[in-house]
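Student: Here it is, the structure, as structure tokens.
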Amino acid sequence: MADSAAALAKVDREHQIHSLHHPIESNDAVIYSSGSGIFLRDVEGKEYIDGLSGLWNVNVGHGRAELADAAAEQMKKLAYFSGYAGSSTIPSIELAQRLIEISPGMAAVFFTSGGAEANESAFKTARYYWRVQGKPEKVKIISRIHGYHGVTLQAMSATGIAAYWKMFEPRAPGFLHIQACYPYRYRGAKPGETIGQAAARELEETILREGADTVAAFIGEPIPGAGGVIYPTNDYWPLVRKVCTRNNVLLIADEIITGFGRTGQWWGFDHWQVRADIVSFAKGITSGYVPLGGILITPQIKEAIDSVEPGSRWMHGYTNSGHPTCCAVALKNIEILQREGLLENSARMGKVLLTALKDTFSGHPHAGDIRGGMGLLAAVEFVEDRPTRKNFAAEKRIGGKLQAEMRKRGVVTRTRPAAGDDPAPGDEVLFAPPLIITEGEIHRMVGVLRAAVKAVLGE
């Protein structure tokens with residue numbers, strides 16, 4: 001195949017459909033050819049800091065030969081065999097045991113190929129659980145505006161970002177959305193309420209309005225990622241846990257972004273000592289080197305699955321569930337995270353990143369909100385007017401321009417465009433670099449954002 005950038009781009013435009021596809025995005029697409037540590041290199045030789053860990057997932061960094069070796073070693077022994085009932089493999093057994101060790105309160109694991117499959121599995125498992133309990137009417141799923149849970153039909157219906165729905169309606173029935181605990185934009189708090197109290201109250205009011213006997217589960221990311229890296233108040237998740245328990249509703253933690261050290265702990269919920277009933281995971285479990293995801297479930301849900309007659313079995317599965325090669329890579333990845341102290345580095349560098357962002361942008365007239373501090377997960381939300389939180393008009397494409405200016409200066413990350421006026425988010429720049437990043441590299445990355453902001457918005 002021709003290997004010039006222009007020739008590759010031509011073939012790409014003609015023959016590949018990308019995620020979130022539109023051909024306009026192919027006009028200036030970057031074609032990456034290699035990576036090492038926190039850095040990427042394109043086919044023309046230009047180097048970039050990977051400010052989003054690929055897609056929130058390359059936690060241990062690029063070019064880790066140990067992970068390639070783990071895959072190759074397992075492939076030589078047994079690359080694949082079905083993980084359906086009645087058969088298993090050594091890596092999937094060992095990985096399941098390791099996950100239970102780092103997941104207090106969980107009893108069993110089901111493996112998928114990725115995050116959307118994990119959430120699909122979580123929704124089906126919640127419905128299955130209640131049916132086993134003799135409550136088949138408990139089918140509704142409550143999720144949150146700005147939450148992202150995938151784009152398969154059920155996962156898309158749970159995702160609270162309307163742009164993903166527009167061309168695929170109607171959504172699956174039985175999915176409801178409430179406000180996230182978004183301190184900068186939340187609307188409806190009563191006098192004397194914290195934002196966390198108000199958001200938890202909104203959840204309970206929704207459950208009661210719908211009827212608790214119809215609601216199967218509430219799903220939320222500990223810190224929403226793709227929807228804008230939205231940090232909740234510290235009282236929010238403990239209150240949500242109480243609401244779910246009080247109303248007999250399962251709590252699903254979508255830890256697909258926040259798991260495996262991203263927040264400086266194994267799981268995002270660990271920051272609040274909250275235990276979910278089902279945990280969805282993917283991304284960082286293999287640092288993106290091979291596809292893998294899954295769900296963790298409590299002893300109560302495991303007992304429900306195990307207690308039925310064969311004719312009522314949990315009829316759910318995927319070809320690649322428990323894929324031995326992927327599980328072998330995950331085991332080595334978890335070993336690296338622990339051996340190199342990357343959870344601890346994530347916690348330390350997350351504070352450095354937040355401090356650098358605040359030192360740089362706190363006085364900027366267009367920096368509306370600066371979020372971060374729990375590991376390497378941060379955002380700056382830019383607005384046209386700070387006092388009123390008025391957003392830039394969508395046609396100004398501020399987020400896209402910031403992204404382009406950063407890429408020009410050697411940093412690749414994600415931006416989100418403004419989605420209307422307050423309480424809709426402004427133009428956001430999101431950061432989730434590999435957990436191996438150093439303090440100097442963080443300052444270099446923030447310096448690039450500073451230069452990009454100056455180019456687009458001025459001093």
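All residue names refer to the structure tokens as shown: chains lettered A, B, ... in order, residues numbered from 1 in each chain, ligands numbered from 1 in order.
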So that I can see what lies close to stretch 4-13 of chain A, please list as a list in words the residues with an atom at most 7 Å from it, counting only C-alpha atoms and leaving out residues fewer than 5 positions away in the same chain.

Tutor: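 Using only C-alpha atoms, the neighbours found are Ser26, Val43 and Glu44 of chain A.
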
Student: Store the residues picked out above, limited to C-alpha atoms, as a PDB file, in the first residue's frame.

Tutor:
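Final file, part33.pdb:
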```pdb
ATOM      1  CA  SER A  26     -11.401  13.571   6.650  1.00  0.00           C
ATOM      2  CA  VAL A  43       3.077   9.480   9.251  1.00  0.00           C
ATOM      3  CA  GLU A  44       4.850  12.749   8.462  1.00  0.00           C
TER       4      GLU A  44
END
```

Student: Out of stretch 74-198 of chain A, which residues get strand (DSSP E or B) from DSSP, as a ChimeraX atom specification?

Tutor: /A:108-112,140-144,175-178

Student: Atoms to include: N, CA and C atoms. Write the selected residues as a short mmCIF file (atom, residue, chain, number, x, y, z; two decimals), in the first residue's frame.

Tutor:
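Heads up, here's the output in out.cif:
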```cif
data_model
loop_
_atom_site.label_atom_id
_atom_site.label_comp_id
_atom_site.auth_asym_id
_atom_site.auth_seq_id
_atom_site.Cartn_x
_atom_site.Cartn_y
_atom_site.Cartn_z
N ALA A 108 -18.73 -11.40 41.25
CA ALA A 108 -18.53 -12.12 39.99
C ALA A 108 -18.39 -11.13 38.84
N VAL A 109 -17.84 -11.63 37.74
CA VAL A 109 -17.53 -10.81 36.57
C VAL A 109 -18.12 -11.47 35.33
N PHE A 110 -18.65 -10.64 34.42
CA PHE A 110 -18.97 -11.09 33.06
C PHE A 110 -18.19 -10.21 32.11
N PHE A 111 -17.49 -10.84 31.16
CA PHE A 111 -16.62 -10.10 30.25
C PHE A 111 -17.32 -9.81 28.92
N THR A 112 -17.03 -8.62 28.38
CA THR A 112 -17.53 -8.19 27.08
C THR A 112 -16.35 -7.73 26.23
N LYS A 140 -37.47 0.20 33.85
CA LYS A 140 -36.99 1.52 33.43
C LYS A 140 -35.57 1.78 33.94
N ILE A 141 -34.83 2.52 33.13
CA ILE A 141 -33.46 2.93 33.48
C ILE A 141 -33.43 4.45 33.52
N ILE A 142 -32.96 4.99 34.63
CA ILE A 142 -32.78 6.44 34.75
C ILE A 142 -31.29 6.75 34.58
N SER A 143 -31.00 7.69 33.71
CA SER A 143 -29.63 8.16 33.53
C SER A 143 -29.63 9.68 33.57
N ARG A 144 -28.53 10.30 33.14
CA ARG A 144 -28.39 11.74 33.36
C ARG A 144 -28.05 12.48 32.07
N PHE A 175 -36.23 4.56 28.98
CA PHE A 175 -35.06 5.29 29.44
C PHE A 175 -35.45 6.74 29.75
N LEU A 176 -35.03 7.23 30.91
CA LEU A 176 -35.37 8.57 31.39
C LEU A 176 -34.09 9.31 31.74
N HIS A 177 -34.13 10.65 31.62
CA HIS A 177 -32.95 11.46 31.93
C HIS A 177 -33.29 12.54 32.95
N ILE A 178 -32.37 12.72 33.89
CA ILE A 178 -32.46 13.81 34.85
C ILE A 178 -31.17 14.62 34.78
#
```

Student: Nearest to A:Val279 among A:Thr438, A:Asn119, A:Thr360, A:Gln16, with distances taken over only C-alpha atoms: which residue is it?

Tutor: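 When distances to A:Val279 are compared using only C-alpha atoms, the smallest one comes from A:Asn119.
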
Student: Please give the complete set of residues from stretch 184-334 of chain A that DSSP, run on the backbone, assigns to helix (DSSP H, G or I), formatted as a ChimeraX atom specification.

Tutor: /A:195-210,212-214,236-246,268-272,283-285,299-306,310-312,324-334

Student: Please measure the separation of atom CA of A:Val229 and atom CA of A:His22, giving the value in Å to one decimal.

Tutor: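 Taking atom CA of A:Val229 as the start and atom CA of A:His22 as the end point, the length is 25.0 Å.
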
Student: Excluding A:Arg262 and residues on its chain fewer than 2 positions from it, collect all residues at most 12 Å away from it, counting only C-alpha atoms, and give them as JSON, numbers by chain.

Tutor: {"A": [52, 53, 56, 57, 58, 59, 60, 222, 223, 225, 255, 256, 257, 258, 259, 260, 264, 265, 266, 267, 268, 269, 270, 271, 283, 284, 285, 287, 337, 342, 343, 344, 345, 346, 347, 348, 349, 350, 372, 373, 374, 375, 376, 377, 378, 431, 432, 433, 434, 435, 436]}

Student: Write the selection just made, keeping C-alpha atoms, as a JSON list (two decimals), in the first residue's frame?

Tutor:
```json
[["chain", "number", "residue", "atom", "x", "y", "z"],
["A", 52, "LEU", "CA", -6.68, 12.14, 26.07],
["A", 53, "SER", "CA", -4.91, 8.76, 26.37],
["A", 56, "TRP", "CA", -9.57, 7.90, 27.75],
["A", 57, "ASN", "CA", -7.96, 4.46, 27.79],
["A", 58, "VAL", "CA", -4.18, 4.26, 27.20],
["A", 59, "ASN", "CA", -3.52, 4.48, 30.93],
["A", 60, "VAL", "CA", -0.02, 2.96, 30.96],
["A", 222, "PRO", "CA", -18.72, 8.78, 38.92],
["A", 223, "ILE", "CA", -17.31, 11.75, 36.99],
["A", 225, "GLY", "CA", -16.20, 12.12, 30.94],
["A", 255, "GLU", "CA", -16.62, 3.14, 35.46],
["A", 256, "ILE", "CA", -15.64, 2.74, 31.82],
["A", 257, "ILE", "CA", -13.57, 5.95, 31.87],
["A", 258, "THR", "CA", -12.98, 6.32, 35.60],
["A", 259, "GLY", "CA", -11.73, 2.80, 36.36],
["A", 260, "PHE", "CA", -8.19, 1.46, 36.58],
["A", 264, "GLY", "CA", -6.09, 7.96, 41.31],
["A", 265, "GLN", "CA", -8.04, 4.97, 42.71],
["A", 266, "TRP", "CA", -8.95, 1.64, 41.19],
["A", 267, "TRP", "CA", -12.52, 2.90, 40.83],
["A", 268, "GLY", "CA", -14.01, 6.38, 40.76],
["A", 269, "PHE", "CA", -16.62, 5.45, 43.37],
["A", 270, "ASP", "CA", -13.79, 4.64, 45.81],
["A", 271, "HIS", "CA", -13.43, 8.39, 46.44],
["A", 283, "LYS", "CA", -11.03, 1.07, 28.35],
["A", 284, "GLY", "CA", -8.29, 1.21, 31.00],
["A", 285, "ILE", "CA", -8.49, -2.48, 31.89],
["A", 287, "SER", "CA", -4.97, 0.38, 28.38],
["A", 337, "LEU", "CA", -0.46, -0.19, 37.11],
["A", 342, "LEU", "CA", 0.50, 4.57, 38.50],
["A", 343, "LEU", "CA", -2.60, 5.06, 40.64],
["A", 344, "GLU", "CA", -0.49, 7.12, 43.01],
["A", 345, "ASN", "CA", 1.10, 9.03, 40.12],
["A", 346, "SER", "CA", -2.34, 9.73, 38.70],
["A", 347, "ALA", "CA", -3.44, 11.17, 42.04],
["A", 348, "ARG", "CA", -0.32, 13.35, 42.34],
["A", 349, "MET", "CA", -0.25, 14.54, 38.75],
["A", 350, "GLY", "CA", -3.99, 15.22, 38.80],
["A", 372, "GLY", "CA", -10.20, 18.45, 38.06],
["A", 373, "GLY", "CA", -8.22, 17.17, 41.01],
["A", 374, "MET", "CA", -9.24, 13.50, 41.21],
["A", 375, "GLY", "CA", -6.53, 11.89, 39.15],
["A", 376, "LEU", "CA", -5.82, 12.75, 35.55],
["A", 377, "LEU", "CA", -9.26, 13.92, 34.52],
["A", 378, "ALA", "CA", -9.74, 17.65, 33.98],
["A", 431, "PHE", "CA", -7.76, 16.33, 29.48],
["A", 432, "ALA", "CA", -7.07, 12.70, 30.42],
["A", 433, "PRO", "CA", -3.40, 12.03, 29.60],
["A", 434, "PRO", "CA", -1.68, 8.67, 30.27],
["A", 435, "LEU", "CA", -1.07, 7.98, 33.94],
["A", 436, "ILE", "CA", 2.69, 7.94, 33.39]]
```

Student: At a cut-off of 12 Å, using only C-alpha atoms, what residues contact stretch 161-170 of chain A? Leave out same-chain residues fewer than 2 positions from it and give the result as an MDAnalysis selection string.

Tutor: chainID A and resid 19:21 143:159 172:175 177:180 224:228 416:417 419 424:425

Student: Quick one: distance from atom CA of A:Thr415 to atom CA of A:Glu221 in Å, one decimal?

Tutor: 18.9 Å

Student: Atom CA of A:Asp369 and atom CA of A:Leu430 are how many Å apart?

Tutor: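 Here the two named atoms are 12.0 Å from each other.
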
Student: With only C-alpha atoms as the atoms that count, which of A:Ala107, A:Val380, A:Val290, A:Ala304 lies nearest to A:Pro324?

Tutor: A:Val290

Student: Measuring atom to atom with only C-alpha atoms, identify which of A:Ser121, A:Gln273, A:Thr355, A:Asn333 is nearest to A:His443.

Tutor: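 Under the stated criterion, the closest residue is A:Thr355.
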
Student: When you look at A:Ala404 with a cut-off of 12 Å (counting only C-alpha atoms), what residues show up, excluding the ones that are within fewer than 2 positions of it in the same chain? I need them as a ChimeraX atom specification.

Tutor: /A:28-30,397-402,406-415,429,448-449,451-453,455-456

Student: Between A:Asp254, A:Glu439, A:Glu47, A:Glu94, which residue has the minimum interatomic distance to A:Glu120, considering only C-alpha atoms?

Tutor: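 Of all the options, A:Asp254 lies closest to A:Glu120.
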